Amino acid sequence: MIEKTVSLSELESLASDFVRTLKQGDVVYMMGDLGAGKTTFVRAAIQSLLGYDEAVPSPTFTLVQTYDSTPLIWHYDLYRINDPEEVLELGLDEAFNQGITFIEWPQNMGNVYTPKHYRVSLETTANTERRSITITAP
Amino acid sequence: MDVKYKTDNKTIIALGIETSCDETSVALINANKEILAHRVASQIKDHEIYGGVVPEIAARAHLSLLPGLLDQVFKDASLTPSDVDVIAATTGPGLIGGVVVGTMAAKAMAAALGKPFVAVNHLEGHALTARLTETIEFPFVLLLVSGGHCQTMLVENVGTYKVLGSTLDDAVGECFDKVAKMLGLPYPGGPQIEKLAVNGNPKAFDFPRPMIGQKHLNFSFSGLKTSVRQAIQKLQTEHDGTLPESIVADVCASFQQTVARVLYDRIKQAFLYTAEHHPDYKQFVVAGGVAANQHIRGALQTVCAEIEFAFYAPPLSLCTDNGAMIAWAGLERFQKGLTDSLDIKPRPRWPMDQIKGISA
């Protein structure tokens with residue numbers, strides 16, 4: 001388990017190091033409020049694995065974005081999911097089998113899927129440039 | 001000669017199917033730019049196609065919604081499937097489950113009816129919509145601003161697009177919705193913020209203006225969102241949790257003003273770049289739901305007037321995801337001979353610069 005307070009650039013290097021310890025089939029739940037840095041963390045992880053600064057837009061509206069890294073990355077954002085059953089349409093089975101899956105707002109899928117997962121929790125701090133981060137393994 | 005005789009006497013009719021995200025939508029249009037029928041599932045107030053059994057239409061239930069919508073548009077237009085000349089569907093980018101449903105339906109119809117099939121890129125649908133409702137020739141600069149997209153591009157011709165800049169993080173509409181949520185306003189947040197901003201002071205808060213003045217053409221709104229959240233949290237602490245209406249109005253006005261300023265600046269940079277490298281571009285089209293915001297529209301009209309670009313905006317009903325834009329893009333591609341084989345696969349990721357153009 002990792003627990004510390006970091007600057008935004010340290011958050012990115014932490015994400016970059018963290019993703020390199022993952023393998024195909026791993027699932028990461030991204031916890032934290034709006035603006036806590038969830039997408040920032042996942043973006044840094046994706047760019048690190050790809051090896052270049054691919055555009056990683058927020059998947060809030062598209063619900064999922066996939067990246068051709070090795071292994072593949074599936075980046076989900078379930079913020080707009082109103083009913084857990086809706087996630088059955090989103091190809092999560094395939095994602096869990098084929099790649100590394102990052103899920104923002106995983107609480108919105110209820111018990112429809114309950115994979116073993118890492119948990120990255122982010123919180124803002126009094127200093128607007130720093131975030132507290134906790135990472136727990138499955 | 002026989003073929004030419006037929007095209008002269010019959011206006012080409014296109015069927016378009018859109019299933020790439022939340023909306024299931026089907027439309028029939030013709031080459032005279034007439035929308036013969038157009039249905040968007042989430043906007044159907046009555047339950048005519050379900051016999052009253054579905055109390056609430058679920059988002060993204062494309063498979064169960066599509067057959068009823070198809071029947072309905074043919075009924076609305078008093079046409080039969082054999083009257084259609086070309087069948088188009090969004091084959092990406094989007095949710096794989098959705099695009100598979102639309103693509104399979106379109107291919108099955110094309111095969112059964114012996115009609116050409118066109119695989120349409122969803123973003124190309126947005127890019128060409130203005131030509132359905134306005135008399136606008138190529139080329140033009142496009143800004144697509146919606147819940148899921150924020151990008152500028154050069155629209156040179158059917159199938160020929162060059163992306164100038166994109167958001168590196170959040171889309172503008174998403175930013176509006178999330179700020180609205182932080183303020184406890186109902187969904188969708190964009191119209192709520194615009195309404196409340198009327199009574200607010202746009203200078204009350206000094207939010208950061210991401211990327212303003214920078215030469216590159218990209219966008220970023222995540223930092224603004226976070227900054228607004230921090231301001232709201234601070235205000236809530238100061239006011240024991242509940243913000244007075246006047247402060248909510250001030251936050252809305254200041255946030256909206258900041259977004260308008262940023263878009264003004266980003267489009268100005270895009271115009272200056274375009275004027276230098278592509279001086280034949282003199283027209284600007286804004287598409288996407290955010291174009292409904294009058295304050296933002298005003299900022300875009302201002303920059304158009306300053307840099308001497310003609311301003312166009314398709315009607316709002318065609319700015320959100322819809323089948324008519326897919327039918328239109330399909331028809332434009334068909335008229336240029338850009339049809340697709342039935343073995344084409346849906347593409348969840350499909351950048352606009354990978355679209356097949358006339359020369360390809």
# chains A, B, ... in the order shown; residues from 1 in each chain; ligands from 1
call {"tool": "interface_residues", "arguments": {"of": "chain B", "to": "chain A", "cutoff": "10 Å", "atoms": "only C-alpha atoms", "output": "PyMOL selection string"}}
result
chain B and resi 20-22+58-62+93-98+146-150+166-171+173-174+178-179+181-182+220+222-230+348-349
call {"tool": "select_by_dssp", "arguments": {"residues": "range 12-42 of chain A", "states": "strand (DSSP E)", "output": "VMD selection string"}}
result
chain A and resid 27 to 31
call {"tool": "select_by_dssp", "arguments": {"residues": "range 2-135 of chain A", "states": "helix (DSSP H, G or I)", "output": "JSON, numbers by chain"}}
result
{"A": [8, 9, 10, 11, 12, 13, 14, 15, 16, 17, 18, 19, 38, 39, 40, 41, 42, 43, 44, 45, 46, 47, 48, 49, 50, 84, 85, 86, 87, 88, 89, 92, 93, 94, 95, 96, 97, 98, 106, 107, 108, 109]}
call {"tool": "residues_around", "arguments": {"residues": "range 271-283 of chain B", "least_positions_apart": "6", "cutoff": "9 Å", "atoms": "only C-alpha atoms", "output": "ChimeraX atom specification"}}
result
/B:136-142,154,156,215,217,303-304,307-312
call {"tool": "write_last_selection", "arguments": {"atoms": "N, CA and C atoms", "output": "PDB file, in the first residue's frame"}}
result
ATOM      1  N   ILE B 136     -23.595  26.459 -47.871  1.00  0.00           N
ATOM      2  CA  ILE B 136     -22.197  26.757 -47.547  1.00  0.00           C
ATOM      3  C   ILE B 136     -21.302  25.821 -48.348  1.00  0.00           C
ATOM      4  N   GLU B 137     -20.390  26.413 -49.094  1.00  0.00           N
ATOM      5  CA  GLU B 137     -19.477  25.637 -49.935  1.00  0.00           C
ATOM      6  C   GLU B 137     -18.206  25.332 -49.140  1.00  0.00           C
ATOM      7  N   PHE B 138     -17.452  24.333 -49.590  1.00  0.00           N
ATOM      8  CA  PHE B 138     -16.126  24.072 -49.020  1.00  0.00           C
ATOM      9  C   PHE B 138     -15.172  25.168 -49.479  1.00  0.00           C
ATOM     10  N   PRO B 139     -14.117  25.472 -48.736  1.00  0.00           N
ATOM     11  CA  PRO B 139     -13.765  24.898 -47.440  1.00  0.00           C
ATOM     12  C   PRO B 139     -14.258  25.787 -46.301  1.00  0.00           C
ATOM     13  N   PHE B 140     -14.261  25.212 -45.084  1.00  0.00           N
ATOM     14  CA  PHE B 140     -14.580  26.026 -43.903  1.00  0.00           C
ATOM     15  C   PHE B 140     -13.867  25.478 -42.667  1.00  0.00           C
ATOM     16  N   VAL B 141     -13.731  26.371 -41.671  1.00  0.00           N
ATOM     17  CA  VAL B 141     -13.154  25.983 -40.387  1.00  0.00           C
ATOM     18  C   VAL B 141     -14.316  25.536 -39.505  1.00  0.00           C
ATOM     19  N   LEU B 142     -14.162  24.403 -38.834  1.00  0.00           N
ATOM     20  CA  LEU B 142     -15.226  23.885 -37.967  1.00  0.00           C
ATOM     21  C   LEU B 142     -14.765  23.852 -36.521  1.00  0.00           C
ATOM     22  N   LEU B 154     -10.040  21.857 -40.234  1.00  0.00           N
ATOM     23  CA  LEU B 154     -10.250  22.402 -41.563  1.00  0.00           C
ATOM     24  C   LEU B 154     -11.072  21.382 -42.330  1.00  0.00           C
ATOM     25  N   GLU B 156     -12.021  20.548 -45.780  1.00  0.00           N
ATOM     26  CA  GLU B 156     -11.596  20.944 -47.114  1.00  0.00           C
ATOM     27  C   GLU B 156     -12.581  20.471 -48.172  1.00  0.00           C
ATOM     28  N   LYS B 215       0.269  29.879 -28.709  1.00  0.00           N
ATOM     29  CA  LYS B 215       0.249  29.784 -30.169  1.00  0.00           C
ATOM     30  C   LYS B 215      -0.361  28.479 -30.689  1.00  0.00           C
ATOM     31  N   LEU B 217      -2.911  25.188 -30.968  1.00  0.00           N
ATOM     32  CA  LEU B 217      -4.354  25.305 -31.201  1.00  0.00           C
ATOM     33  C   LEU B 217      -5.192  24.359 -30.345  1.00  0.00           C
ATOM     34  N   VAL B 303     -15.271  37.097 -32.722  1.00  0.00           N
ATOM     35  CA  VAL B 303     -13.966  36.774 -33.315  1.00  0.00           C
ATOM     36  C   VAL B 303     -14.111  36.601 -34.835  1.00  0.00           C
ATOM     37  N   CYS B 304     -15.247  36.085 -35.284  1.00  0.00           N
ATOM     38  CA  CYS B 304     -15.484  35.974 -36.731  1.00  0.00           C
ATOM     39  C   CYS B 304     -15.499  37.357 -37.388  1.00  0.00           C
ATOM     40  N   ILE B 307     -11.810  38.817 -37.486  1.00  0.00           N
ATOM     41  CA  ILE B 307     -10.847  38.217 -38.416  1.00  0.00           C
ATOM     42  C   ILE B 307     -11.495  37.999 -39.790  1.00  0.00           C
ATOM     43  N   GLU B 308     -12.726  38.470 -39.935  1.00  0.00           N
ATOM     44  CA  GLU B 308     -13.448  38.417 -41.203  1.00  0.00           C
ATOM     45  C   GLU B 308     -13.698  36.998 -41.722  1.00  0.00           C
ATOM     46  N   PHE B 309     -14.341  36.225 -40.860  1.00  0.00           N
ATOM     47  CA  PHE B 309     -14.848  34.912 -41.258  1.00  0.00           C
ATOM     48  C   PHE B 309     -16.380  34.980 -41.209  1.00  0.00           C
ATOM     49  N   ALA B 310     -17.040  34.384 -42.181  1.00  0.00           N
ATOM     50  CA  ALA B 310     -18.502  34.308 -42.135  1.00  0.00           C
ATOM     51  C   ALA B 310     -18.894  33.266 -41.086  1.00  0.00           C
ATOM     52  N   PHE B 311     -19.930  33.543 -40.299  1.00  0.00           N
ATOM     53  CA  PHE B 311     -20.322  32.685 -39.183  1.00  0.00           C
ATOM     54  C   PHE B 311     -21.553  31.856 -39.532  1.00  0.00           C
ATOM     55  N   TYR B 312     -21.473  30.563 -39.319  1.00  0.00           N
ATOM     56  CA  TYR B 312     -22.625  29.682 -39.534  1.00  0.00           C
ATOM     57  C   TYR B 312     -22.808  28.765 -38.323  1.00  0.00           C
TER      58      TYR B 312
END
call {"tool": "closest_residue", "arguments": {"among": "A:Ser7, A:Gly110, A:Trp74, A:Phe41", "to": "Glu94 in chain A", "atoms": "only C-alpha atoms"}}
result
A:Trp74
call {"tool": "atom_distance", "arguments": {"atom1": "CA of Leu300 in chain B", "atom2": "CA of Ala231 in chain B"}}
result
27.1 Å
